[in-house]
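Here is the file structure-v3.cif (mmCIF, C-alpha atoms).
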data_model
loop_
_atom_site.label_atom_id
_atom_site.label_comp_id
_atom_site.auth_asym_id
_atom_site.auth_seq_id
_atom_site.Cartn_x
_atom_site.Cartn_y
_atom_site.Cartn_z
CA MET A 1316 24.02 -49.43 -16.02
CA LYS A 1317 27.57 -48.61 -14.79
CA LEU A 1318 26.60 -44.93 -14.45
CA ARG A 1319 23.53 -45.84 -12.42
CA ILE A 1320 25.62 -48.01 -10.05
CA LEU A 1321 28.18 -45.20 -9.67
CA LEU A 1322 25.50 -42.64 -8.81
CA ALA A 1323 23.95 -45.00 -6.27
CA ALA A 1324 27.36 -45.52 -4.62
CA LEU A 1325 27.94 -41.77 -4.44
CA ALA A 1326 24.52 -41.25 -2.87
CA LEU A 1327 25.35 -43.75 -0.14
CA ALA A 1328 28.70 -42.12 0.52
CA LEU A 1329 27.36 -38.55 0.84
CA PRO A 1330 26.22 -37.38 4.30
CA ALA A 1331 22.47 -37.09 4.83
CA PRO A 1332 21.10 -33.53 4.75
CA ALA A 1333 20.55 -31.92 8.14
CA PHE A 1334 16.76 -31.99 7.89
CA ALA A 1335 16.81 -35.75 7.36
CA GLN A 1336 18.76 -36.53 10.53
CA ALA A 1337 16.82 -38.19 13.30
CA ALA A 1338 15.91 -36.00 16.25
CA PRO A 1339 17.75 -36.85 19.51
CA ALA A 1340 15.91 -39.50 21.51
CA ASP A 1341 14.88 -38.60 25.04
CA THR A 1342 12.39 -39.51 27.76
CA ILE A 1343 10.05 -37.52 29.98
CA SER A 1344 11.54 -37.72 33.48
CA ALA A 1345 8.98 -35.70 35.46
CA ASP A 1346 5.76 -37.21 36.80
CA ARG A 1347 4.00 -35.03 34.25
CA ALA A 1348 5.16 -32.36 31.82
CA THR A 1349 2.90 -29.73 30.32
CA VAL A 1350 3.05 -29.65 26.52
CA ARG A 1351 2.59 -26.07 25.33
CA ASP A 1352 1.85 -24.31 22.08
CA ASN A 1353 4.85 -21.99 22.45
CA PRO A 1354 7.58 -21.62 25.09
CA GLY A 1355 5.90 -20.71 28.36
CA ARG A 1356 2.43 -20.19 26.92
CA LEU A 1357 -0.78 -22.18 26.59
CA VAL A 1358 -0.96 -25.78 27.80
CA LEU A 1359 -2.27 -28.11 25.08
CA ALA A 1360 -1.71 -31.49 26.74
CA ASN A 1361 0.25 -33.33 29.42
CA ALA A 1362 3.05 -35.84 28.91
CA ALA A 1363 3.70 -38.55 31.50
CA LYS A 1364 6.85 -39.95 33.07
CA GLY A 1365 8.50 -42.49 30.80
CA ASP A 1366 6.98 -41.19 27.56
CA PRO A 1367 9.55 -41.40 24.73
CA ALA A 1368 10.29 -37.98 23.21
CA GLU A 1369 12.17 -36.77 20.15
CA VAL A 1370 13.89 -33.42 20.69
CA GLN A 1371 13.48 -31.10 17.69
CA ALA A 1372 14.58 -27.64 18.86
CA TYR A 1373 15.05 -25.50 21.93
CA CYS A 1374 14.36 -21.94 23.07
CA GLY A 1375 16.00 -20.98 26.34
CA GLU A 1376 14.78 -23.47 28.94
CA TRP A 1377 12.04 -24.79 26.65
CA VAL A 1378 12.43 -27.72 24.26
CA ARG A 1379 10.21 -28.63 21.31
CA VAL A 1380 9.46 -32.35 21.28
CA ARG A 1381 7.39 -34.99 19.55
CA ILE A 1382 6.16 -37.47 22.13
CA THR A 1383 5.19 -41.08 21.57
CA PRO A 1384 2.53 -41.30 24.28
CA ARG A 1385 1.26 -44.43 25.96
CA HIS A 1386 -2.01 -42.71 26.76
CA ALA A 1387 -4.63 -40.47 25.13
CA MET A 1388 -3.23 -37.06 24.22
CA ALA A 1389 -4.72 -34.27 22.12
CA THR A 1390 -1.36 -33.40 20.58
CA PRO A 1391 2.02 -35.15 20.94
CA VAL A 1392 3.89 -32.10 19.59
CA GLY A 1393 4.76 -29.03 21.61
CA TRP A 1394 7.16 -27.39 24.07
CA VAL A 1395 8.16 -28.79 27.47
CA MET A 1396 10.55 -27.56 30.13
CA ARG A 1397 14.11 -28.76 29.57
CA GLY A 1398 14.26 -29.97 33.18
CA HIS A 1399 11.43 -32.43 32.50
CA LEU A 1400 13.54 -34.42 30.02
CA THR A 1401 16.07 -37.10 30.95
CA ASN A 1402 18.90 -36.31 28.54
CA ALA A 1403 18.26 -32.69 27.58
CA SER A 1404 18.40 -31.57 31.20
CA ARG A 1405 22.02 -32.68 31.53
CA PRO A 1406 25.02 -30.49 30.64
CA GLY A 1407 25.55 -30.77 26.90
CA GLY A 1408 22.22 -32.51 26.52
CA LEU A 1409 21.14 -30.10 23.78
CA ASP A 1410 24.40 -30.12 21.84
CA GLY A 1411 23.59 -30.14 18.14
CA VAL A 1412 19.93 -29.23 18.67
CA PRO A 1413 18.96 -26.05 16.79
CA GLU A 1414 17.71 -22.98 18.61
CA ARG A 1415 14.40 -22.07 17.02
CA CYS A 1416 12.35 -19.65 19.07
CA GLY A 1417 8.85 -18.58 18.10
CA THR A 1418 8.30 -21.22 15.43
CA ASP A 1419 4.91 -22.18 16.87
CA GLY A 1420 3.62 -18.70 17.60
CA ASP A 1421 0.22 -19.23 15.99
CA ARG A 1422 -0.49 -22.83 17.02
CA TRP A 1423 -3.06 -21.64 19.54
CA ARG A 1424 -5.36 -20.74 16.64
CA ASP A 1425 -5.96 -24.45 16.04
CA TRP A 1426 -6.66 -25.21 19.69
CA VAL A 1427 -8.17 -22.30 21.59
CA GLY A 1428 -11.70 -21.03 21.08
CA ALA A 1429 -11.91 -18.62 24.03
CA ILE A 1430 -9.77 -17.61 26.98
CA ASN A 1431 -10.35 -15.93 30.33
CA ALA A 1432 -8.15 -13.04 29.18
CA PRO A 1433 -5.97 -12.43 26.12
CA PHE A 1434 -2.19 -12.40 26.21
CA ARG A 1435 -0.53 -9.19 27.47
CA SER A 1436 -3.75 -8.05 29.14
CA LEU A 1437 -4.83 -5.93 32.10
CA ARG A 1438 -8.19 -5.50 33.79
CA LEU A 1439 -9.80 -2.47 35.40
CA VAL A 1440 -9.78 -2.72 39.20
CA ASP A 1441 -10.88 0.22 41.38
CA GLY A 1442 -10.09 2.76 38.67
CA GLY A 1443 -6.63 1.40 37.82
CA TRP A 1444 -5.29 -1.29 35.48
CA ARG A 1445 -3.73 -4.47 36.85
CA ARG A 1446 -1.92 -7.24 34.98
CA ILE A 1447 -3.81 -10.52 34.55
CA THR A 1448 -1.66 -13.47 35.50
CA PHE A 1449 -4.12 -15.94 37.05
CA GLY A 1450 -7.31 -17.41 35.66
CA THR A 1451 -10.74 -16.59 37.01
CA GLY A 1452 -12.01 -18.81 39.81
CA VAL A 1453 -14.71 -21.35 39.02
CA SER A 1454 -16.44 -24.24 40.74
CA LEU A 1455 -16.91 -27.62 39.11
CA ALA A 1456 -20.37 -29.12 38.82
CA ALA A 1457 -21.03 -32.25 40.85
CA GLY A 1458 -19.36 -35.36 39.47
CA CYS A 1459 -16.79 -33.50 37.34
CA VAL A 1460 -13.24 -34.82 37.69
CA PRO A 1461 -10.22 -33.14 36.03
CA SER A 1462 -8.14 -35.24 33.62
CA LEU A 1463 -4.56 -34.78 32.44
CA ASN A 1464 -5.57 -35.11 28.78
CA TYR A 1465 -8.38 -35.00 26.29
CA VAL A 1466 -9.01 -36.45 22.84
CA ARG A 1467 -9.68 -34.57 19.61
CA ASP A 1468 -12.26 -36.56 17.63
CA PRO A 1469 -12.56 -35.59 13.93
CA ASN A 1470 -16.07 -37.05 13.92
CA GLY A 1471 -17.33 -35.46 17.11
CA PRO A 1472 -16.63 -32.97 19.89
CA ASP A 1473 -13.45 -32.92 21.95
CA ARG A 1474 -13.76 -35.23 24.97
CA VAL A 1475 -11.93 -35.59 28.25
CA ASP A 1476 -10.14 -38.90 28.87
CA PRO A 1477 -11.53 -40.41 32.11
CA ALA A 1478 -8.61 -42.87 32.31
CA GLN A 1479 -6.27 -39.99 33.25
CA ALA A 1480 -8.22 -38.51 36.14
CA VAL A 1481 -6.18 -36.34 38.51
CA PRO A 1482 -6.90 -37.32 42.13
CA GLY A 1483 -6.27 -35.26 45.23
CA LEU A 1484 -6.75 -31.73 43.87
CA ASP A 1485 -8.23 -28.93 45.96
CA LEU A 1486 -11.37 -28.35 43.92
CA SER A 1487 -12.27 -25.29 46.01
CA LYS A 1488 -9.47 -23.43 44.19
CA VAL A 1489 -10.11 -24.11 40.51
CA SER A 1490 -9.15 -21.45 37.95
CA TYR A 1491 -10.36 -21.30 34.34
CA ARG A 1492 -7.92 -20.68 31.47
CA TYR A 1493 -9.49 -21.53 28.09
CA VAL A 1494 -11.89 -23.72 26.13
CA THR A 1495 -10.92 -25.63 23.00
CA THR A 1496 -11.98 -24.51 19.53
CA ASP A 1497 -15.25 -26.45 19.58
CA GLY A 1498 -16.00 -25.28 23.12
CA ALA A 1499 -16.39 -28.81 24.53
CA VAL A 1500 -13.31 -29.03 26.78
CA ALA A 1501 -11.85 -26.49 29.21
CA LEU A 1502 -8.33 -26.15 30.57
CA VAL A 1503 -8.32 -25.45 34.31
CA SER A 1504 -5.79 -25.25 37.12
CA ALA A 1505 -6.15 -26.52 40.68
CA PRO A 1506 -3.51 -27.07 43.40
CA ARG A 1507 -3.05 -30.06 45.62
CA PRO A 1508 -4.15 -29.34 49.23
CA GLY A 1509 -1.63 -26.92 50.67
CA GLY A 1510 0.18 -26.68 47.32
CA GLY A 1511 1.59 -23.43 46.06
CA TYR A 1512 0.90 -23.99 42.37
CA GLY A 1513 -1.85 -25.47 40.25
CA ILE A 1514 -1.96 -28.65 38.21
CA TRP A 1515 -3.07 -28.02 34.64
CA SER A 1516 -5.87 -30.39 33.65
CA PHE A 1517 -8.99 -30.66 31.50
CA VAL A 1518 -12.73 -30.90 32.22
CA PRO A 1519 -15.85 -30.79 30.04
CA SER A 1520 -16.68 -27.11 29.64
CA SER A 1521 -20.19 -27.90 30.89
CA CYS A 1522 -18.57 -28.46 34.32
CA LEU A 1523 -17.59 -24.80 34.75
CA VAL A 1524 -19.65 -22.79 37.24
CA PRO A 1525 -18.71 -19.10 37.71
CA LYS A 1526 -17.50 -18.22 41.19
CA GLY A 1527 -18.17 -14.72 42.46
CA ARG A 1528 -18.92 -13.24 39.04
CA ALA A 1529 -21.43 -13.48 36.22
CA HIS A 1530 -19.10 -15.32 33.82
CA VAL A 1531 -16.22 -17.77 33.96
CA TYR A 1532 -13.93 -15.11 32.50
CA PHE A 1533 -13.03 -11.59 33.61
CA ASP A 1534 -16.17 -9.64 32.82
CA GLU A 1535 -14.87 -6.25 33.92
CA GLN A 1536 -13.17 -4.02 31.35
CA VAL A 1537 -10.10 -5.72 29.89
CA VAL A 1538 -7.44 -4.31 27.58
CA GLN A 1539 -4.65 -5.90 25.57
CA LEU A 1540 -1.25 -4.23 25.25
CA GLN A 1541 1.45 -4.57 22.64
CA SER A 1542 3.90 -5.17 25.50
CA THR A 1543 3.61 -5.81 29.24
CA SER A 1544 7.38 -5.97 29.77
CA GLY A 1545 8.27 -4.25 33.04
CA LEU A 1546 4.69 -4.17 34.33
CA HIS A 1547 4.39 -5.95 37.68
CA THR A 1548 1.60 -7.91 39.30
CA GLY A 1549 -0.24 -6.28 42.19
CA VAL A 1550 0.49 -2.79 40.86
CA SER A 1551 -2.19 -0.42 39.58
CA TYR A 1552 -1.36 1.45 36.35
CA SER A 1553 -2.93 4.61 34.98
CA ASN A 1554 -4.81 5.19 31.73
CA GLU A 1555 -1.83 7.18 30.46
CA THR A 1556 0.53 4.25 31.07
CA ILE A 1557 -1.52 1.75 29.09
CA ARG A 1558 -2.13 4.21 26.23
CA LYS A 1559 1.63 4.60 25.83
CA ARG A 1560 1.97 0.80 25.66
CA GLY A 1561 -0.16 0.46 22.52
CA CYS A 1562 -3.55 -0.42 23.96
CA SER A 1563 -6.62 -2.03 22.40
CA ALA A 1564 -9.85 -3.28 23.92
CA ALA A 1565 -10.15 -7.01 24.52
CA LEU A 1566 -12.50 -8.71 22.07
CA VAL A 1567 -14.99 -11.35 23.19
CA SER A 1568 -14.49 -14.58 21.24
CA PRO A 1569 -16.62 -14.64 18.07
CA THR A 1570 -16.91 -18.45 18.25
CA GLN A 1571 -17.21 -19.12 22.02
CA PRO A 1572 -18.49 -15.87 23.60
CA ARG A 1573 -19.82 -17.71 26.68
CA PHE A 1574 -16.27 -18.47 27.73
CA GLY A 1575 -14.34 -15.26 27.14
CA TYR A 1576 -12.06 -13.46 24.76
CA TRP A 1577 -10.45 -14.02 21.42
CA VAL A 1578 -6.90 -14.82 22.41
CA ASP A 1579 -5.01 -12.62 19.98
CA PRO A 1580 -7.11 -11.25 17.11
CA ALA A 1581 -5.43 -9.84 14.04
CA PRO A 1582 -4.52 -6.15 14.52
CA ALA A 1583 -7.24 -5.05 12.10
CA ASN A 1584 -9.88 -6.74 14.30
CA ARG A 1585 -8.79 -5.21 17.60
CA PRO A 1586 -11.17 -2.53 18.95
CA ASN A 1587 -9.77 0.84 19.91
CA CYS A 1588 -8.38 1.41 23.38
CA PRO A 1589 -11.29 2.30 25.70
CA VAL A 1590 -9.43 5.13 27.47
#
Entire entry expressed as structure tokens:
Amino acid sequence: MKLRILLAALALALPAPAFAQAAPADTISADRATVRDNPGRLVLANAAKGDPAEVQAYCGEWVRVRITPRHAMATPVGWVMRGHLTNASRPGGLDGVPERCGTDGDRWRDWVGAINAPFRSLRLVDGGWRRITFGTGVSLAAGCVPSLNYVRDPNGPDRVDPAQAVPGLDLSKVSYRYVTTDGAVALVSAPRPGGGYGIWSFVPSSCLVPKGRAHVYFDEQVVQLQSTSGLHTGVSYSNETIRKRGCSAALVSPTQPRFGYWVDPAPANRPNCPV
């Protein structure tokens, strides 16, 4: 009995292991903050101002958080911009938080069924290859209203949350980015009238109407490179340039071919470079 009491006392006196320490508490300070699968990459959800957040790690200006939302949200875990957090954005606000870059590199596999173009991709325009940085333009069917979030239902298809409708967007300038794994919900971007950037939001995929092309994704020849570092937008690159970059043909999604490409298939599944 005395030994058991002594061991219990020692356990209380020892410091807790690092992995057991609570993550720093924070709050979303921006009107909305995109929650992404990896620093700077695909948007999985939107956090709202005032949402409590636990800071878990950082990577440059991106911070991995777990949000306690007060609204519907497909995933409360992901990466947000440091500047969108109340405490982390301040000098020293990330003191003691580990730097862990790339830990969520494959999260998109659980969320994305098809995309307008794969990562590190270029499309063939007038005989040259141009980087893809913006989604393809689409129109929305009558009555379709973008929402900041959607719900993942284990017993049914993904569904957009009508309670988080985004008013005041310029719906003549909608761009398509991806559909979720079951194909039911699409991520789109649309600016406010006169705005210089788009608001990421979600619509039922049935709302998407191709604008100026046969499909909602880039249907011209598209390639994926091992690296696009140093390649600029608005510049046309030659066949020789992309071959040197480690080129493969883009692969239409095997699960959602109506909506575009497999985001990043395993190397063994990537078709040969077309040039």
Expanded to explicit residues, what is the PyMOL selection byres ((chain A and resi 1461) around 9) for this file, as an mmCIF file with C-alpha atoms, in the frame of the given file?
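Written output follows (expr_28.cif):
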data_model
loop_
_atom_site.group_PDB
_atom_site.id
_atom_site.type_symbol
_atom_site.label_atom_id
_atom_site.label_comp_id
_atom_site.auth_asym_id
_atom_site.auth_seq_id
_atom_site.Cartn_x
_atom_site.Cartn_y
_atom_site.Cartn_z
ATOM 1 C CA CYS A 1459 -16.790 -33.500 37.340
ATOM 2 C CA VAL A 1460 -13.240 -34.820 37.690
ATOM 3 C CA SER A 1462 -8.140 -35.240 33.620
ATOM 4 C CA LEU A 1463 -4.560 -34.780 32.440
ATOM 5 C CA ASN A 1464 -5.570 -35.110 28.780
ATOM 6 C CA VAL A 1475 -11.930 -35.590 28.250
ATOM 7 C CA PRO A 1477 -11.530 -40.410 32.110
ATOM 8 C CA GLN A 1479 -6.270 -39.990 33.250
ATOM 9 C CA ALA A 1480 -8.220 -38.510 36.140
ATOM 10 C CA VAL A 1481 -6.180 -36.340 38.510
ATOM 11 C CA PRO A 1482 -6.900 -37.320 42.130
ATOM 12 C CA LEU A 1484 -6.750 -31.730 43.870
ATOM 13 C CA VAL A 1503 -8.320 -25.450 34.310
ATOM 14 C CA TRP A 1515 -3.070 -28.020 34.640
ATOM 15 C CA SER A 1516 -5.870 -30.390 33.650
ATOM 16 C CA PHE A 1517 -8.990 -30.660 31.500
ATOM 17 C CA VAL A 1518 -12.730 -30.900 32.220
ATOM 18 C CA PRO A 1519 -15.850 -30.790 30.040
#
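When all atoms listed in the file are used to compute distances to A:Arg1424, the closest of the residues A:Ile1343, A:Ala1581, A:Ala1360, A:Leu1546 turns out to be A:Ala1581.
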Name all residues at most 10 Å from A:Ser1344 (count only C-alpha atoms; drop same-chain ones fewer than 4 positions away) and give them as a list in words. Ala1348, Ala1362, Ala1363, Lys1364, Gly1365, Asp1366, Pro1367, Gly1398, His1399, Leu1400, Thr1401, Asn1402 and Ser1404 of chain A
Those same residues, written as a PDB file, in the frame of the given file with C-alpha atoms?
ATOM      1  CA  ALA A1348       5.160 -32.360  31.820  1.00  0.00           C
ATOM      2  CA  ALA A1362       3.050 -35.840  28.910  1.00  0.00           C
ATOM      3  CA  ALA A1363       3.700 -38.550  31.500  1.00  0.00           C
ATOM      4  CA  LYS A1364       6.850 -39.950  33.070  1.00  0.00           C
ATOM      5  CA  GLY A1365       8.500 -42.490  30.800  1.00  0.00           C
ATOM      6  CA  ASP A1366       6.980 -41.190  27.560  1.00  0.00           C
ATOM      7  CA  PRO A1367       9.550 -41.400  24.730  1.00  0.00           C
ATOM      8  CA  GLY A1398      14.260 -29.970  33.180  1.00  0.00           C
ATOM      9  CA  HIS A1399      11.430 -32.430  32.500  1.00  0.00           C
ATOM     10  CA  LEU A1400      13.540 -34.420  30.020  1.00  0.00           C
ATOM     11  CA  THR A1401      16.070 -37.100  30.950  1.00  0.00           C
ATOM     12  CA  ASN A1402      18.900 -36.310  28.540  1.00  0.00           C
ATOM     13  CA  SER A1404      18.400 -31.570  31.200  1.00  0.00           C
TER      14      SER A1404
END
Which distance in Å separates atom CA of A:Gly1393 and atom CA of A:Pro1582, to one decimal?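 These two atoms are separated by 25.7 Å.
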Once the PyMOL selection byres ((chain A and resi 1532) around 9) has been applied to the shown file, what residues remain in the selection, as a PyMOL selection string? chain A and resi 1430-1432+1450-1452+1491-1493+1525+1528-1531+1533-1534+1573-1576
Might you spell out which residues the PyMOL selection byres ((chain A and resi 1426) around 8) would select in the displayed file, as an mmCIF file with C-alpha atoms, keeping the file's coordinate frame?
data_model
loop_
_atom_site.group_PDB
_atom_site.id
_atom_site.type_symbol
_atom_site.label_atom_id
_atom_site.label_comp_id
_atom_site.auth_asym_id
_atom_site.auth_seq_id
_atom_site.Cartn_x
_atom_site.Cartn_y
_atom_site.Cartn_z
ATOM 1 C CA LEU A 1359 -2.270 -28.110 25.080
ATOM 2 C CA ARG A 1422 -0.490 -22.830 17.020
ATOM 3 C CA TRP A 1423 -3.060 -21.640 19.540
ATOM 4 C CA ARG A 1424 -5.360 -20.740 16.640
ATOM 5 C CA ASP A 1425 -5.960 -24.450 16.040
ATOM 6 C CA VAL A 1427 -8.170 -22.300 21.590
ATOM 7 C CA GLY A 1428 -11.700 -21.030 21.080
ATOM 8 C CA THR A 1495 -10.920 -25.630 23.000
ATOM 9 C CA THR A 1496 -11.980 -24.510 19.530
#
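Taking only C-alpha atoms into account, A:Ser1568 lies nearest to A:Ala1429 out of the set A:Ala1429, A:Ala1389, A:Val1378, A:Ala1372.
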Write out as number ranges by chain the residues lying within 9 Å of A:Gly1417, counting all atoms listed in the file and excluding same-chain residues fewer than 3 positions away. A: 1353-1354, 1374, 1420-1421
May I have the selected residues written with C-alpha atoms, as a PDB file, in the frame of the given file?
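Output contents, as saved in selection_36.pdb:
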ATOM      1  CA  ASN A1353       4.850 -21.990  22.450  1.00  0.00           C
ATOM      2  CA  PRO A1354       7.580 -21.620  25.090  1.00  0.00           C
ATOM      3  CA  CYS A1374      14.360 -21.940  23.070  1.00  0.00           C
ATOM      4  CA  GLY A1420       3.620 -18.700  17.600  1.00  0.00           C
ATOM      5  CA  ASP A1421       0.220 -19.230  15.990  1.00  0.00           C
TER       6      ASP A1421
END
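Our summary of the geometry notes that atom CA of A:Trp1444 is positioned 25.5 Å from atom CA of A:Gly1511.
Distances here use only C-alpha atoms; by that measure, the residue among A:Ala1403, A:Val1380, A:Leu1357, A:Leu1455 closest to A:Val1578 is A:Leu1357.
One distance worth recording is that between atom CA of A:His1386 and atom CA of A:Asn1470, which is 19.9 Å.
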Minimum-distance residue to A:Thr1543, chosen among A:Arg1558, A:Arg1467, A:Arg1474, A:Arg1435 (using only C-alpha atoms): A:Arg1435
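Distances from A:Thr1548, A:Thr1390, A:Thr1418, A:Ser1520 to A:Ile1447 were compared using all atoms listed in the file, and the smallest one belongs to A:Thr1548.
In this comparison, which uses all atoms listed in the file, the residue of A:Gly1545, A:Pro1339, A:Gly1498, A:Pro1569 approaching A:Gly1408 most closely is A:Pro1339.
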Would you kindly return, as a list in words, each protein, DNA or RNA residue with an atom no farther than 8 Å from any atom of A:Ala1340, considering only C-alpha atoms and excluding same-chain residues fewer than 3 positions away?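 Those residues are Pro1367, Ala1368, Glu1369 and Val1370 of chain A.
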Contacts of stretch 1536-1540 of chain A at 7 Å or less, counting only C-alpha atoms, minus same-chain residues fewer than 5 places along, as a list in words?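 In the requested form, the answer reads Pro1433, Phe1434, Arg1435, Ser1436, Leu1437, Arg1438, Leu1439, Arg1560, Gly1561, Cys1562, Ser1563, Ala1564 and Ala1565 of chain A.
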